[in-house]
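Trainee: After the structure tokens below, expect a handful of questions from me.
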Amino acid sequence: MIPLPPALAAEEQPGAYPSLAEWWEGEGLLAPGAGPLKSLKAEGLELGGKYYGALFGIQNSAGGAASPWDDGGQLNLSLNAGRLLQIPALQKLKFNLQGRWREPSVNADPNTYVAGNSMFDPSNWASGTGWRFLQANAEFSDSLGSSSPNLLWLKGGWVQPRYEFALQPLSDKFLNNAVNSAKGIGGNIPFSSSFSTWGAMAQLNPDPSMALKAGLFMAYPTATASSNHGLWFEGDVNSNQNSTMAMVEFSLRPQINNGRLPGRITLGGYSYNNVTSRSAAKSNANYGLQTGAYLQVDQQLSREGNDKPGSEIQGLSSFNMLMLAPEENNQFPLYFHTGLNYTGLIPGRDNDALVASIAYGAYSPYNPGPVKTSTVFLEGGYHIALNRWLDLYPFVQWLVRPNGSSSLADAMVLGFGTSVKF
């Protein structure tokens with residue numbers, strides 16, 4: 001954190017707007033920890049969001065050099081019905097709303113110049129551009145009389161599968177689409193931040209070290225297109241193209257060294273009915289009933305510091321993802337990524353993070369057109385946490401065989417990203 005002069009740290013009266021120092025050290029740009037937003041949160045109404053953007057300085061690529069700026073913003077609203085209505089029986093029920101805007105210009109997408117496979121886009125903000133309605137759902141959790149506070153968790157309504165399964169918080173520190181969003185799955189089915197659909201999920205947490213989660217969703221073609229704005233509540237207008245998608249995962253959360261080194265091991269899978277003719281197999285790798293499985297292994301490797309309140313866990317962490325799928329009807333039968341995150345490497349910069357990752361995807365021989373082999377994507381950078389709501393991120397990316405073929409030039413990007421939490 002950047003310290004402020006003592007003169008700016010004057011105490012304020014309870015309930016008043018925060019001082020400049022309190023605002024700078026607060027939870028967000030709009031200071032949700034104080035003032036009117038704090039009062040609304042106490043009443044059960046919570047408002048949040050963020051702005052994000054990045055300059056992708058493309059040094060060399062198939063389309064030459066360029067410097068596109070890609071950005072967007074998101075607003076989140078949650079409502080605790082029991083707290084707002086002062087009905088204790090409803091305090092375990094929460095309603096969620098989300099919407100966003102992303103830059104719609106095709107020239108803002110770095111992949112316009114890189115010309116690679118969309119799963120390996122240097123930016124994970126290229127789909128579902130313009131304004132978009134993301135979520136409108138209800139969430140419920142209960143102990144069912146057990147010692148586990150969230151033994152049963154339920155969620156249903158207009159949801160985003162991408163933010164329910166294969167969750168890997170450290171991968172969110174990267175900008176490229178493969179590591180941040182798709183995780184291999186999104187190369188085969190619409191597993192994307194732009195896929196909103198009707199769905200229902202349930203999770204059982206018998207104890208803190210174990211969880212079982214399953215979800216069933218409506219699937220339909222072109223689900224991530226910008227033109228639908230997240231409003232295709234009936235799915236595809238041609239109803240015989242609507243089908244089902246299911247996901248399931250089982251997670252273990254090892255706590256090494258008496259809990260000081262937390263980890264997560266998840267085995268999951270997906271099933272997506274593409275409602276296309278099986279005779280199309282030789283011309284399109286993504287067809288018919290698609291299935292796949294993934295293994296996620298995340299682990300804190302070392303830990304340091306005093307774990308001050310409001311600080312991230314300092315030390316070295318590793319995150320890993322392996323996805324396997326039948327090559328007959330999945331564009332990527334093999335995908336993996338691995339990465340490292342070191343938080344608090346520099347003394348006095350406890351929340352900064354040095355990050356690096358590598359992703360690899362092997363193409364199915366059933367993909368149409370020229371033979372494609374594999375794509376490799378590397379990204380590294382340093383997150384400068386100016387405070388809890390403002391982050392600066394200088395980074396470098398290197399993309400090898402962007403579309404799976406050596407006939408397309410490799411790409412190198414030197415960039416600078418930022419995010420601001422509201």
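Labeling convention for the structure tokens: chains A, B, ... as they appear, residues from 1 per chain, ligands from 1 in order of appearance.
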Among region 8-253 of chain A, which residues carry a DSSP assignment of alpha helix (DSSP H), reported as a compact mmCIF listing (two decimals) with all heavy atoms, in the first residue's frame?

Mentor:
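Result file follows (out34.txt):
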# COMPACT_ATOMS: atom_id res chain seq x y z
N LEU A 20 -9.96 10.90 3.43
CA LEU A 20 -9.22 10.51 2.24
C LEU A 20 -8.39 9.26 2.49
O LEU A 20 -8.32 8.36 1.64
CB LEU A 20 -8.32 11.67 1.79
CG LEU A 20 -7.50 11.44 0.52
CD1 LEU A 20 -8.41 11.09 -0.65
CD2 LEU A 20 -6.66 12.68 0.20
N ALA A 21 -7.78 9.17 3.67
CA ALA A 21 -6.97 8.00 3.99
C ALA A 21 -7.83 6.75 4.10
O ALA A 21 -7.47 5.68 3.61
CB ALA A 21 -6.21 8.23 5.30
N GLU A 22 -9.00 6.88 4.74
CA GLU A 22 -9.89 5.73 4.88
C GLU A 22 -10.43 5.29 3.53
O GLU A 22 -10.59 4.09 3.27
CB GLU A 22 -11.04 6.09 5.82
CG GLU A 22 -10.62 6.24 7.28
CD GLU A 22 -11.73 6.80 8.13
OE1 GLU A 22 -12.48 7.67 7.65
OE2 GLU A 22 -11.84 6.36 9.29
N TRP A 23 -10.70 6.28 2.65
CA TRP A 23 -11.16 5.95 1.30
C TRP A 23 -10.07 5.19 0.54
O TRP A 23 -10.34 4.17 -0.10
CB TRP A 23 -11.53 7.24 0.57
CG TRP A 23 -11.67 7.08 -0.91
CD1 TRP A 23 -12.73 6.53 -1.57
CD2 TRP A 23 -10.72 7.48 -1.92
NE1 TRP A 23 -12.49 6.55 -2.92
CE2 TRP A 23 -11.27 7.12 -3.17
CE3 TRP A 23 -9.47 8.08 -1.87
CZ2 TRP A 23 -10.61 7.38 -4.36
CZ3 TRP A 23 -8.81 8.33 -3.06
CH2 TRP A 23 -9.38 7.97 -4.29
N TRP A 24 -8.83 5.67 0.62
CA TRP A 24 -7.73 5.03 -0.10
C TRP A 24 -7.48 3.61 0.40
O TRP A 24 -7.15 2.72 -0.38
CB TRP A 24 -6.48 5.88 0.03
CG TRP A 24 -5.28 5.33 -0.71
CD1 TRP A 24 -4.24 4.65 -0.18
CD2 TRP A 24 -5.05 5.39 -2.12
NE1 TRP A 24 -3.34 4.30 -1.16
CE2 TRP A 24 -3.82 4.74 -2.37
CE3 TRP A 24 -5.75 5.95 -3.19
CZ2 TRP A 24 -3.28 4.62 -3.64
CZ3 TRP A 24 -5.20 5.83 -4.47
CH2 TRP A 24 -3.99 5.18 -4.68
N GLY A 35 -20.05 5.22 4.62
CA GLY A 35 -21.02 6.07 3.96
C GLY A 35 -22.31 5.34 3.61
O GLY A 35 -22.64 4.30 4.17
N PRO A 36 -23.07 5.86 2.61
CA PRO A 36 -24.38 5.29 2.26
C PRO A 36 -24.33 3.83 1.85
O PRO A 36 -25.23 3.05 2.17
CB PRO A 36 -24.85 6.18 1.10
CG PRO A 36 -24.10 7.46 1.28
CD PRO A 36 -22.77 7.09 1.86
N LEU A 37 -23.27 3.43 1.12
CA LEU A 37 -23.19 2.04 0.66
C LEU A 37 -23.05 1.08 1.84
O LEU A 37 -23.53 -0.05 1.78
CB LEU A 37 -22.03 1.86 -0.31
CG LEU A 37 -22.21 2.51 -1.69
CD1 LEU A 37 -21.00 2.24 -2.56
CD2 LEU A 37 -23.47 2.00 -2.37
N LYS A 38 -22.37 1.53 2.91
CA LYS A 38 -22.27 0.68 4.09
C LYS A 38 -23.64 0.48 4.72
O LYS A 38 -23.97 -0.63 5.16
CB LYS A 38 -21.30 1.31 5.09
CG LYS A 38 -21.11 0.48 6.36
CD LYS A 38 -20.13 1.13 7.31
CE LYS A 38 -19.94 0.28 8.56
NZ LYS A 38 -18.97 0.90 9.51
N SER A 39 -24.43 1.52 4.75
CA SER A 39 -25.78 1.41 5.32
C SER A 39 -26.64 0.46 4.49
O SER A 39 -27.39 -0.35 5.03
CB SER A 39 -26.43 2.79 5.39
OG SER A 39 -25.67 3.66 6.20
N LEU A 40 -26.55 0.57 3.17
CA LEU A 40 -27.32 -0.33 2.30
C LEU A 40 -26.90 -1.78 2.50
O LEU A 40 -27.73 -2.68 2.53
CB LEU A 40 -27.13 0.07 0.84
CG LEU A 40 -27.80 1.36 0.38
CD1 LEU A 40 -27.41 1.68 -1.06
CD2 LEU A 40 -29.32 1.25 0.50
N LYS A 41 -25.58 -2.01 2.63
CA LYS A 41 -25.08 -3.37 2.85
C LYS A 41 -25.61 -3.94 4.14
O LYS A 41 -25.97 -5.12 4.23
CB LYS A 41 -23.55 -3.36 2.84
CG LYS A 41 -22.92 -4.73 2.93
CD LYS A 41 -21.40 -4.62 2.81
CE LYS A 41 -20.74 -6.00 2.88
NZ LYS A 41 -19.26 -5.91 2.76
N ALA A 42 -25.68 -3.11 5.19
CA ALA A 42 -26.21 -3.56 6.48
C ALA A 42 -27.68 -3.93 6.38
O ALA A 42 -28.18 -4.78 7.11
CB ALA A 42 -26.01 -2.47 7.53
N ALA A 81 -32.81 -11.16 1.11
CA ALA A 81 -34.23 -10.88 1.32
C ALA A 81 -34.60 -10.86 2.80
O ALA A 81 -35.38 -10.01 3.24
CB ALA A 81 -35.07 -11.91 0.57
N GLY A 82 -34.04 -11.77 3.56
CA GLY A 82 -34.39 -11.85 4.98
C GLY A 82 -33.95 -10.64 5.76
O GLY A 82 -34.69 -10.12 6.60
N ARG A 83 -32.74 -10.16 5.45
CA ARG A 83 -32.24 -8.99 6.16
C ARG A 83 -33.01 -7.73 5.77
O ARG A 83 -33.34 -6.90 6.60
CB ARG A 83 -30.75 -8.81 5.86
CG ARG A 83 -30.06 -7.83 6.79
CD ARG A 83 -28.58 -7.70 6.43
NE ARG A 83 -27.91 -8.99 6.40
CZ ARG A 83 -26.70 -9.18 5.88
NH1 ARG A 83 -26.06 -8.16 5.34
NH2 ARG A 83 -26.14 -10.38 5.90
N LEU A 84 -33.32 -7.61 4.46
CA LEU A 84 -34.04 -6.43 3.99
C LEU A 84 -35.47 -6.39 4.55
O LEU A 84 -35.95 -5.33 4.96
CB LEU A 84 -34.08 -6.41 2.46
CG LEU A 84 -34.74 -5.20 1.82
CD1 LEU A 84 -33.90 -3.96 2.08
CD2 LEU A 84 -34.90 -5.40 0.32
N LEU A 85 -36.13 -7.54 4.58
CA LEU A 85 -37.52 -7.61 5.05
C LEU A 85 -37.61 -7.94 6.54
O LEU A 85 -38.71 -8.04 7.07
CB LEU A 85 -38.29 -8.66 4.24
CG LEU A 85 -38.34 -8.43 2.72
CD1 LEU A 85 -39.01 -9.60 2.04
CD2 LEU A 85 -39.06 -7.13 2.40
N ASN A 111 -6.58 -10.19 -30.92
CA ASN A 111 -6.57 -11.34 -31.82
C ASN A 111 -6.94 -10.98 -33.25
O ASN A 111 -6.74 -11.77 -34.16
CB ASN A 111 -7.50 -12.43 -31.30
CG ASN A 111 -7.04 -13.83 -31.69
OD1 ASN A 111 -5.84 -14.08 -31.80
ND2 ASN A 111 -7.98 -14.73 -31.91
N THR A 112 -7.47 -9.77 -33.44
CA THR A 112 -7.70 -9.28 -34.79
C THR A 112 -6.38 -9.23 -35.56
O THR A 112 -6.34 -9.45 -36.77
CB THR A 112 -8.34 -7.88 -34.74
OG1 THR A 112 -9.59 -7.96 -34.05
CG2 THR A 112 -8.57 -7.32 -36.14
N TYR A 113 -5.29 -8.94 -34.85
CA TYR A 113 -3.97 -8.84 -35.46
C TYR A 113 -3.18 -10.13 -35.33
O TYR A 113 -2.47 -10.53 -36.25
CB TYR A 113 -3.20 -7.69 -34.81
CG TYR A 113 -3.99 -6.41 -34.77
CD1 TYR A 113 -4.78 -6.09 -33.66
CD2 TYR A 113 -3.99 -5.53 -35.85
CE1 TYR A 113 -5.53 -4.92 -33.62
CE2 TYR A 113 -4.74 -4.36 -35.82
CZ TYR A 113 -5.51 -4.07 -34.70
OH TYR A 113 -6.27 -2.92 -34.67
N VAL A 114 -3.34 -10.81 -34.21
CA VAL A 114 -2.62 -12.07 -33.98
C VAL A 114 -3.17 -13.17 -34.88
O VAL A 114 -2.43 -14.05 -35.33
CB VAL A 114 -2.72 -12.47 -32.49
CG1 VAL A 114 -2.14 -13.86 -32.27
CG2 VAL A 114 -2.00 -11.45 -31.63
N ASN A 177 -7.04 -15.59 -22.75
CA ASN A 177 -8.31 -16.29 -22.64
C ASN A 177 -8.16 -17.74 -22.23
O ASN A 177 -8.98 -18.27 -21.48
CB ASN A 177 -9.06 -16.21 -23.98
CG ASN A 177 -10.46 -16.76 -23.88
OD1 ASN A 177 -11.25 -16.35 -23.04
ND2 ASN A 177 -10.78 -17.70 -24.75

Trainee: Residues of region 9-109 of chain A that have any atom at most 10 Å from an atom of region 130-145 of chain A: could you tabulate them with the shortest-distance atom pair and the distance in Å to one decimal, using only C-alpha atoms, ordered by chain and increasing number, as a Markdown table?

Mentor:
| residue | atom | partner | partner_atom | distance |
| --- | --- | --- | --- | --- |
| A:Gly72 | CA | A:Gly130 | CA | 8.8 |
| A:Gly73 | CA | A:Trp131 | CA | 9.4 |
| A:Gln74 | CA | A:Arg132 | CA | 9.4 |
| A:Leu75 | CA | A:Leu134 | CA | 9.8 |
| A:Asn76 | CA | A:Gln135 | CA | 9.0 |
| A:Leu77 | CA | A:Ala136 | CA | 9.6 |
| A:Ser78 | CA | A:Ala138 | CA | 9.5 |
| A:Leu79 | CA | A:Ala138 | CA | 9.4 |
| A:Asn80 | CA | A:Glu139 | CA | 9.7 |
| A:Leu90 | CA | A:Phe140 | CA | 9.2 |
| A:Gln91 | CA | A:Phe140 | CA | 9.0 |
| A:Lys92 | CA | A:Phe140 | CA | 5.6 |
| A:Leu93 | CA | A:Phe140 | CA | 4.7 |
| A:Lys94 | CA | A:Glu139 | CA | 5.1 |
| A:Phe95 | CA | A:Ala138 | CA | 4.5 |
| A:Asn96 | CA | A:Asn137 | CA | 5.4 |
| A:Leu97 | CA | A:Ala136 | CA | 4.7 |
| A:Gln98 | CA | A:Gln135 | CA | 4.9 |
| A:Gly99 | CA | A:Phe133 | CA | 4.6 |
| A:Arg100 | CA | A:Arg132 | CA | 5.4 |
| A:Trp101 | CA | A:Trp131 | CA | 4.2 |
| A:Arg102 | CA | A:Gly130 | CA | 5.0 |
| A:Glu103 | CA | A:Gly130 | CA | 6.0 |
| A:Pro104 | CA | A:Gly130 | CA | 5.0 |
| A:Ser105 | CA | A:Gly130 | CA | 8.8 |

Trainee: Report as a PyMOL selection string all protein, DNA and RNA residues lying within 7 Å of region 330-347 of chain A, evaluated on only C-alpha atoms, omitting residues in the same chain fewer than 6 positions from it.

Mentor: chain A and resi 179+184+187-188+285-286+290+314-324+353-364+367

Trainee: So that I have them on file, write out the residues from the current selection with N, CA, C and O atoms, as a compact mmCIF listing (two decimals), in the first residue's frame.

Mentor:
# COMPACT_ATOMS: atom_id res chain seq x y z
N VAL A 179 -5.95 -19.36 -20.21
CA VAL A 179 -5.70 -19.57 -18.79
C VAL A 179 -6.81 -18.95 -17.94
O VAL A 179 -7.33 -19.56 -17.01
N GLY A 184 -9.31 -24.72 -21.59
CA GLY A 184 -9.44 -25.87 -22.48
C GLY A 184 -10.88 -26.23 -22.77
O GLY A 184 -11.24 -26.55 -23.90
N GLY A 187 -12.62 -24.21 -25.45
CA GLY A 187 -12.27 -24.46 -26.84
C GLY A 187 -13.18 -25.48 -27.49
O GLY A 187 -13.19 -25.62 -28.72
N ASN A 188 -13.95 -26.20 -26.68
CA ASN A 188 -14.83 -27.25 -27.18
C ASN A 188 -16.31 -26.89 -27.08
O ASN A 188 -17.09 -27.18 -27.99
N ALA A 285 -14.99 -30.49 -35.89
CA ALA A 285 -14.60 -31.27 -34.71
C ALA A 285 -15.62 -31.15 -33.59
O ALA A 285 -15.79 -32.09 -32.81
N ASN A 286 -16.28 -30.01 -33.44
CA ASN A 286 -17.25 -29.83 -32.37
C ASN A 286 -18.65 -30.18 -32.87
O ASN A 286 -19.29 -29.39 -33.55
N GLN A 290 -20.96 -33.99 -26.88
CA GLN A 290 -19.57 -33.81 -26.51
C GLN A 290 -19.38 -34.06 -25.02
O GLN A 290 -20.18 -33.62 -24.19
N GLN A 314 0.69 -14.57 1.67
CA GLN A 314 1.99 -14.34 1.06
C GLN A 314 2.73 -15.66 0.87
O GLN A 314 2.63 -16.56 1.70
N GLY A 315 3.48 -15.73 -0.23
CA GLY A 315 4.25 -16.92 -0.50
C GLY A 315 4.06 -17.39 -1.93
O GLY A 315 3.48 -16.70 -2.77
N LEU A 316 4.56 -18.59 -2.21
CA LEU A 316 4.54 -19.15 -3.56
C LEU A 316 3.40 -20.17 -3.69
O LEU A 316 3.25 -21.05 -2.85
N SER A 317 2.62 -20.02 -4.77
CA SER A 317 1.51 -20.94 -5.05
C SER A 317 1.61 -21.44 -6.48
O SER A 317 2.13 -20.76 -7.37
N SER A 318 1.09 -22.64 -6.68
CA SER A 318 1.05 -23.25 -8.01
C SER A 318 -0.39 -23.58 -8.37
O SER A 318 -1.19 -23.97 -7.51
N PHE A 319 -0.74 -23.40 -9.65
CA PHE A 319 -2.07 -23.82 -10.12
C PHE A 319 -1.91 -24.57 -11.44
O PHE A 319 -1.06 -24.23 -12.27
N ASN A 320 -2.72 -25.62 -11.62
CA ASN A 320 -2.56 -26.51 -12.76
C ASN A 320 -3.92 -27.01 -13.24
O ASN A 320 -4.82 -27.25 -12.42
N MET A 321 -4.06 -27.18 -14.56
CA MET A 321 -5.29 -27.69 -15.14
C MET A 321 -4.97 -28.61 -16.31
O MET A 321 -4.16 -28.27 -17.18
N LEU A 322 -5.60 -29.79 -16.32
CA LEU A 322 -5.47 -30.75 -17.41
C LEU A 322 -6.87 -31.10 -17.89
O LEU A 322 -7.73 -31.48 -17.10
N MET A 323 -7.11 -30.97 -19.22
CA MET A 323 -8.41 -31.30 -19.80
C MET A 323 -8.22 -32.33 -20.91
O MET A 323 -7.35 -32.18 -21.77
N LEU A 324 -9.04 -33.38 -20.88
CA LEU A 324 -9.00 -34.44 -21.89
C LEU A 324 -10.40 -34.63 -22.47
O LEU A 324 -11.39 -34.60 -21.72
N ALA A 353 1.98 -9.25 -6.66
CA ALA A 353 2.13 -10.65 -7.08
C ALA A 353 2.92 -10.75 -8.37
O ALA A 353 2.60 -10.08 -9.37
N LEU A 354 3.95 -11.57 -8.35
CA LEU A 354 4.71 -11.94 -9.55
C LEU A 354 4.10 -13.22 -10.10
O LEU A 354 3.98 -14.21 -9.37
N VAL A 355 3.68 -13.21 -11.39
CA VAL A 355 2.95 -14.36 -11.93
C VAL A 355 3.56 -14.81 -13.25
O VAL A 355 4.15 -14.01 -14.00
N ALA A 356 3.43 -16.10 -13.55
CA ALA A 356 3.89 -16.67 -14.82
C ALA A 356 3.06 -17.91 -15.12
O ALA A 356 2.68 -18.65 -14.21
N SER A 357 2.77 -18.14 -16.41
CA SER A 357 1.98 -19.32 -16.78
C SER A 357 2.36 -19.76 -18.19
O SER A 357 2.87 -18.98 -19.00
N ILE A 358 2.08 -21.03 -18.47
CA ILE A 358 2.23 -21.58 -19.81
C ILE A 358 1.01 -22.46 -20.09
O ILE A 358 0.58 -23.23 -19.22
N ALA A 359 0.44 -22.31 -21.28
CA ALA A 359 -0.73 -23.10 -21.69
C ALA A 359 -0.42 -23.82 -23.00
O ALA A 359 0.29 -23.27 -23.86
N TYR A 360 -0.96 -25.03 -23.14
CA TYR A 360 -0.73 -25.85 -24.34
C TYR A 360 -2.03 -26.48 -24.76
O TYR A 360 -2.77 -27.03 -23.93
N GLY A 361 -2.34 -26.41 -26.04
CA GLY A 361 -3.54 -27.06 -26.57
C GLY A 361 -3.22 -27.84 -27.83
O GLY A 361 -2.59 -27.30 -28.75
N ALA A 362 -3.62 -29.12 -27.89
CA ALA A 362 -3.43 -29.96 -29.07
C ALA A 362 -4.74 -30.04 -29.84
O ALA A 362 -5.81 -30.27 -29.25
N TYR A 363 -4.67 -29.86 -31.15
CA TYR A 363 -5.86 -29.82 -31.99
C TYR A 363 -6.28 -31.22 -32.45
O TYR A 363 -5.45 -32.11 -32.66
N SER A 364 -7.58 -31.39 -32.63
CA SER A 364 -8.11 -32.64 -33.15
C SER A 364 -7.79 -32.78 -34.63
O SER A 364 -7.85 -31.80 -35.38
N ASN A 367 -10.44 -31.41 -37.18
CA ASN A 367 -10.67 -30.00 -37.47
C ASN A 367 -10.65 -29.77 -38.97
O ASN A 367 -9.79 -30.33 -39.68

Trainee: Select, from A:Ile256, A:Leu170, A:Ala223, A:Val420, the residue with the minimum atom-to-atom distance to Leu386 (chain A), counting only C-alpha atoms.

Mentor: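 Going through A:Ile256, A:Leu170, A:Ala223, A:Val420 one by one, the smallest distance to Leu386 (chain A) is for A:Val420.
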